[in-house]
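Data first, discussion second: the structure below is written as structure tokens.
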Amino acid sequence: MKTYDLVIVGGGVCGMTAAVYAARASLSACILEKDVCGGLVNWTHTVENFPSHKSIHGMDLMSLCREQVEELGVSIEEVEDVERVDFSGAEKRLFTSSGEEYTAGAVIVATGRKPRPLPVQTSFERVHYCSVCDGAAYRGKNVIVIGGGNSGFDESLYLTGLGVSHVHIVEAFPTCIAAASTQDKARAGGKISVSVSTELVSVAALPDGRGRVLLRNTATGAEDVEETDGIFCFIGQSPNTRPFEGELDLKDGYIRVNADMETRIPGVFAAGDVIVKKWRQITTAMGDATIAALQAEKYLRAMK
Amino acid sequence: MSVENVTRLDSSSFDDFVRSHEGIVLFHKKLCPHCKVMETVLGKVAAQIPMSLAAVDSEEEPALMEKVGAERVPTLALIRGGEVRAVFTGIRNPREVMAWYQGN
């Protein structure tokens, strides 16, 4: 069993910001991260809305954060998935995939969100969620990107930059919500086409390894068949709150907190993308984390 | 690759490594989030099972990718008995990698 003043579940920008504040308050703190630190920001090809960096790869930004957290003496446990929690007592207990038990006087849940899977069942194997990991295999080929948000457009630009011949972005809603400047850049290159009000109906695997995709225009009902070499899916995220079901108050899977990031359980705080709120940005996650860590410190001091 | 005691391989050293070691070679790519996860997973596995770890940058060594039949990263190549015994692409947790390693 490992014991800390504060356990932070999730090592994204939110969890790491909370860790910085905890360390500076002389709390013993530990981050439990199911993958590696950085969270969704690791998947962001270019971050251009973080003050102090005009343009930086998400993973580079998160590496800098991780270095700072480590230097401050925070324990970082990666590939350590919290599977079950017991928040019933004053000492909060967390049980992980490695069989370890962690206890702490306070917990901050900063588990963020995970990408939503393709909304249709298919035996087509070339469905991807990471263009950096999988995009190189599609040089000189055509792919479909599902989702016209910022991720869909950013990743499409990355794919064409790799040498993908053509990207067809398919968006179910009547307009794409990606930043206007990104959309302009994508459309200007001539290698990216966009279909709005278009839903993915089915994907069938062809004998040659390609996929046959059935698309339907939601406004007119017209259907279209397209053959593609691969599909990349960027249709948003859902919250990582499964271990906290039954313990914390959830709304549509997101954790309800008050303005001080307090959950319904004293000593358990939540922050970042995982809480009920409107805007989910790197900077808003950091703001939430700051409040949660300061409030956790106040709570722990009061308990002593 | 940031895990300690990892041998970096290229086309001039790959075959020698395969002939003389037993372990896992990770084919990875810079700024690949899944690759970072698998680096950490392999570090945890190697802490429990004695093995050699090596890494190949897939962008610098496309011929080696082709040699093991890998198109995407992260790809793990299991090295045993002087040959590439098994290849796996994608994400697995430490327990799954241990089972895969011990079962091949």
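Here, A, B, ... name the chains of the structure tokens in the order displayed, residue numbers run from 1 inside each chain, and ligands are numbered from 1 in the same displayed order.
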Fill in: Test item: chain A residues at most 9 Å from chain B, counting only C-alpha atoms, as a PyMOL selection string
chain A and resi 35-36+38+42-43+45+57-60+78-79+98+130-137
Keeping only C-alpha atoms, write the selected residues as an mmCIF file, in the first residue's frame.
data_model
loop_
_atom_site.group_PDB
_atom_site.id
_atom_site.type_symbol
_atom_site.label_atom_id
_atom_site.label_comp_id
_atom_site.auth_asym_id
_atom_site.auth_seq_id
_atom_site.Cartn_x
_atom_site.Cartn_y
_atom_site.Cartn_z
ATOM 1 C CA ASP A 35 -1.379 5.537 -20.133
ATOM 2 C CA VAL A 36 1.405 8.131 -20.097
ATOM 3 C CA GLY A 38 -0.047 14.267 -21.321
ATOM 4 C CA ASN A 42 -0.410 14.415 -26.520
ATOM 5 C CA TRP A 43 -2.678 13.764 -29.481
ATOM 6 C CA HIS A 45 -0.540 17.937 -33.491
ATOM 7 C CA HIS A 57 3.368 20.114 -30.675
ATOM 8 C CA GLY A 58 1.096 18.872 -27.905
ATOM 9 C CA MET A 59 3.489 16.127 -26.871
ATOM 10 C CA ASP A 60 6.389 18.574 -26.594
ATOM 11 C CA GLU A 78 2.192 5.600 -15.528
ATOM 12 C CA VAL A 79 0.379 2.643 -17.099
ATOM 13 C CA SER A 98 -1.185 -3.604 -11.110
ATOM 14 C CA CYS A 130 -4.262 8.534 -34.449
ATOM 15 C CA SER A 131 -2.913 9.995 -37.669
ATOM 16 C CA VAL A 132 0.638 10.287 -36.305
ATOM 17 C CA CYS A 133 0.649 6.554 -35.488
ATOM 18 C CA ASP A 134 -1.104 5.249 -38.575
ATOM 19 C CA GLY A 135 -1.057 7.922 -41.242
ATOM 20 C CA ALA A 136 2.219 7.003 -42.950
ATOM 21 C CA ALA A 137 0.676 3.788 -44.316
#
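Distance check against Gly103 (chain B) using only C-alpha atoms: of B:Leu9, B:Ile91, B:Val56, B:Leu78, the minimum falls on B:Leu78.
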Worksheet item: Which residues come within 12 Å of Gly147 (chain A), counting only C-alpha atoms, excluding same-chain residues fewer than 3 positions away, as a count of residues only?
Response: 40
Worksheet entry | Who sits within 12 Å of region 88-96 of chain A, only C-alpha atoms, same chain under 3 positions skipped, as a ChimeraX atom specification | /A:1-9,30-34,77-85,99-109,243-244,246-248,264-269,299-300,303-304
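Per DSSP on the backbone, strand (DSSP E or B) in chain B comprises Val6, Thr7, Arg8, Gly23, Ile24, Val25, Leu26, Phe27, His28, Ser52, Leu53, Ala54, Ala55, Val56, Asp57, Thr75, Leu76, Ala77, Leu78, Ile79, Arg80, Glu83, Val84, Arg85, Ala86, Val87, Phe88 and Thr89 of chain B.
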Worksheet item: If you run DSSP on this backbone, which residues of chain B come out as alpha helix (DSSP H), and could you give them as a PyMOL selection string?
Response: chain B and resi 14-20+33-48+62-68+94-102
Selected residues, N, CA and C atoms, written as a tab-separated table (two decimals), in the first residue's frame, please.
chain	number	residue	atom	x	y	z
B	14	PHE	N	20.57	-4.33	-36.87
B	14	PHE	CA	19.35	-5.11	-36.55
B	14	PHE	C	19.60	-6.62	-36.57
B	15	ASP	N	20.19	-7.11	-37.66
B	15	ASP	CA	20.36	-8.56	-37.81
B	15	ASP	C	21.26	-9.14	-36.70
B	16	ASP	N	22.33	-8.43	-36.39
B	16	ASP	CA	23.22	-8.89	-35.32
B	16	ASP	C	22.48	-8.97	-33.99
B	17	PHE	N	21.65	-7.97	-33.74
B	17	PHE	CA	20.88	-7.96	-32.48
B	17	PHE	C	19.94	-9.16	-32.44
B	18	VAL	N	19.27	-9.41	-33.54
B	18	VAL	CA	18.31	-10.53	-33.58
B	18	VAL	C	19.04	-11.85	-33.34
B	19	ARG	N	20.21	-11.99	-33.93
B	19	ARG	CA	20.98	-13.24	-33.79
B	19	ARG	C	21.45	-13.48	-32.35
B	20	SER	N	21.72	-12.39	-31.63
B	20	SER	CA	22.43	-12.56	-30.36
B	20	SER	C	21.62	-12.17	-29.11
B	33	PRO	N	1.78	9.14	-29.68
B	33	PRO	CA	1.33	8.90	-28.31
B	33	PRO	C	1.25	7.41	-27.94
B	34	HIS	N	0.76	6.58	-28.87
B	34	HIS	CA	0.68	5.15	-28.57
B	34	HIS	C	2.08	4.56	-28.35
B	35	CYS	N	3.06	5.08	-29.10
B	35	CYS	CA	4.43	4.57	-28.94
B	35	CYS	C	4.96	4.90	-27.54
B	36	LYS	N	4.63	6.09	-27.07
B	36	LYS	CA	5.07	6.49	-25.72
B	36	LYS	C	4.48	5.56	-24.67
B	37	VAL	N	3.22	5.20	-24.86
B	37	VAL	CA	2.58	4.28	-23.93
B	37	VAL	C	3.31	2.93	-23.94
B	38	MET	N	3.60	2.44	-25.15
B	38	MET	CA	4.24	1.13	-25.22
B	38	MET	C	5.68	1.14	-24.70
B	39	GLU	N	6.35	2.29	-24.81
B	39	GLU	CA	7.68	2.42	-24.20
B	39	GLU	C	7.58	2.16	-22.69
B	40	THR	N	6.59	2.80	-22.08
B	40	THR	CA	6.42	2.65	-20.63
B	40	THR	C	6.00	1.23	-20.28
B	41	VAL	N	5.11	0.66	-21.09
B	41	VAL	CA	4.68	-0.72	-20.85
B	41	VAL	C	5.88	-1.66	-20.92
B	42	LEU	N	6.72	-1.49	-21.93
B	42	LEU	CA	7.88	-2.38	-22.08
B	42	LEU	C	8.86	-2.22	-20.92
B	43	GLY	N	9.01	-0.99	-20.44
B	43	GLY	CA	9.86	-0.76	-19.28
B	43	GLY	C	9.37	-1.56	-18.07
B	44	LYS	N	8.04	-1.58	-17.91
B	44	LYS	CA	7.46	-2.33	-16.77
B	44	LYS	C	7.62	-3.83	-16.96
B	45	VAL	N	7.45	-4.29	-18.19
B	45	VAL	CA	7.59	-5.72	-18.47
B	45	VAL	C	9.04	-6.16	-18.25
B	46	ALA	N	9.97	-5.36	-18.75
B	46	ALA	CA	11.39	-5.72	-18.62
B	46	ALA	C	11.85	-5.69	-17.17
B	47	ALA	N	11.13	-4.95	-16.33
B	47	ALA	CA	11.48	-4.92	-14.91
B	47	ALA	C	11.08	-6.22	-14.22
B	48	GLN	N	10.18	-6.96	-14.85
B	48	GLN	CA	9.70	-8.21	-14.24
B	48	GLN	C	10.25	-9.47	-14.91
B	62	PRO	N	12.64	2.67	-42.73
B	62	PRO	CA	11.45	2.05	-43.36
B	62	PRO	C	11.72	0.63	-43.87
B	63	ALA	N	12.98	0.34	-44.25
B	63	ALA	CA	13.29	-1.00	-44.75
B	63	ALA	C	13.14	-2.04	-43.65
B	64	LEU	N	13.47	-1.66	-42.42
B	64	LEU	CA	13.32	-2.60	-41.30
B	64	LEU	C	11.84	-2.83	-40.99
B	65	MET	N	11.05	-1.78	-41.16
B	65	MET	CA	9.59	-1.94	-40.98
B	65	MET	C	9.09	-2.99	-41.97
B	66	GLU	N	9.52	-2.85	-43.20
B	66	GLU	CA	9.09	-3.78	-44.24
B	66	GLU	C	9.58	-5.20	-43.93
B	67	LYS	N	10.79	-5.26	-43.41
B	67	LYS	CA	11.40	-6.56	-43.12
B	67	LYS	C	10.57	-7.38	-42.12
B	68	VAL	N	9.99	-6.69	-41.12
B	68	VAL	CA	9.18	-7.43	-40.13
B	68	VAL	C	7.69	-7.41	-40.49
B	94	PRO	N	0.81	-4.22	-19.61
B	94	PRO	CA	1.97	-5.05	-19.25
B	94	PRO	C	1.63	-6.52	-19.11
B	95	ARG	N	0.47	-6.83	-18.52
B	95	ARG	CA	0.10	-8.23	-18.35
B	95	ARG	C	-0.06	-8.92	-19.70
B	96	GLU	N	-0.67	-8.22	-20.64
B	96	GLU	CA	-0.88	-8.81	-21.97
B	96	GLU	C	0.45	-9.00	-22.71
B	97	VAL	N	1.35	-8.03	-22.57
B	97	VAL	CA	2.65	-8.17	-23.24
B	97	VAL	C	3.43	-9.33	-22.63
B	98	MET	N	3.35	-9.48	-21.31
B	98	MET	CA	4.05	-10.60	-20.66
B	98	MET	C	3.50	-11.93	-21.17
B	99	ALA	N	2.19	-12.02	-21.27
B	99	ALA	CA	1.58	-13.28	-21.74
B	99	ALA	C	1.98	-13.55	-23.19
B	100	TRP	N	2.00	-12.50	-24.00
B	100	TRP	CA	2.40	-12.64	-25.41
B	100	TRP	C	3.86	-13.08	-25.51
B	101	TYR	N	4.70	-12.46	-24.68
B	101	TYR	CA	6.13	-12.76	-24.72
B	101	TYR	C	6.40	-14.20	-24.26
B	102	GLN	N	5.71	-14.61	-23.21
B	102	GLN	CA	5.96	-15.95	-22.67
B	102	GLN	C	5.29	-17.04	-23.51
Discussion item. If we count only C-alpha atoms and set the cut-off at 8 Å, which residues sit around Asp224 (chain A), ignoring sequence neighbours fewer than 2 positions away in its own chain? Please answer as a PyMOL selection string.
Written reply: chain A and resi 214-216+222+226
Item to complete: Excluding Ser26 (chain A) and residues on its chain fewer than 2 positions from it, collect all residues at most 12 Å away from it, counting only C-alpha atoms, and give them as a VMD selection string.
Response: chain A and resid 4 to 6 19 to 24 28 to 29 72 to 74 293 to 294 297 300 to 301
Worksheet entry | Shell around region 274-281 of chain A at 6 Å using only C-alpha atoms, local window under 2 positions removed, as a ChimeraX atom specification | /A:112,239,254-256,271-272,283-284
Generate the output file for the selected residues, N, CA and C atoms, as a short mmCIF file (atom, residue, chain, number, x, y, z; two decimals), in the first residue's frame.
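result_12.cif written:
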data_model
loop_
_atom_site.label_atom_id
_atom_site.label_comp_id
_atom_site.auth_asym_id
_atom_site.auth_seq_id
_atom_site.Cartn_x
_atom_site.Cartn_y
_atom_site.Cartn_z
N GLY A 112 -10.17 13.19 -17.40
CA GLY A 112 -10.40 13.67 -18.76
C GLY A 112 -11.36 12.83 -19.57
N PRO A 239 -16.39 10.96 -21.29
CA PRO A 239 -15.62 11.06 -20.04
C PRO A 239 -15.13 9.73 -19.51
N TYR A 254 -20.37 12.81 -16.80
CA TYR A 254 -19.44 13.83 -16.29
C TYR A 254 -19.69 14.06 -14.79
N ILE A 255 -18.66 14.47 -14.07
CA ILE A 255 -18.75 14.62 -12.61
C ILE A 255 -19.27 16.02 -12.26
N ARG A 256 -20.27 16.02 -11.39
CA ARG A 256 -20.79 17.31 -10.91
C ARG A 256 -19.89 17.83 -9.79
N ALA A 271 -11.71 17.93 -11.64
CA ALA A 271 -11.31 19.11 -12.42
C ALA A 271 -11.03 18.73 -13.87
N GLY A 272 -11.13 19.73 -14.73
CA GLY A 272 -10.76 19.52 -16.13
C GLY A 272 -11.91 19.00 -16.98
N THR A 283 -6.40 25.54 -21.24
CA THR A 283 -6.32 26.60 -20.23
C THR A 283 -7.45 26.51 -19.19
N THR A 284 -8.64 26.07 -19.60
CA THR A 284 -9.72 25.93 -18.61
C THR A 284 -9.42 24.76 -17.68
#
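Separating CA of Gly149 (chain A) from CA of Thr182 (chain A) is a distance of 10.0 Å.
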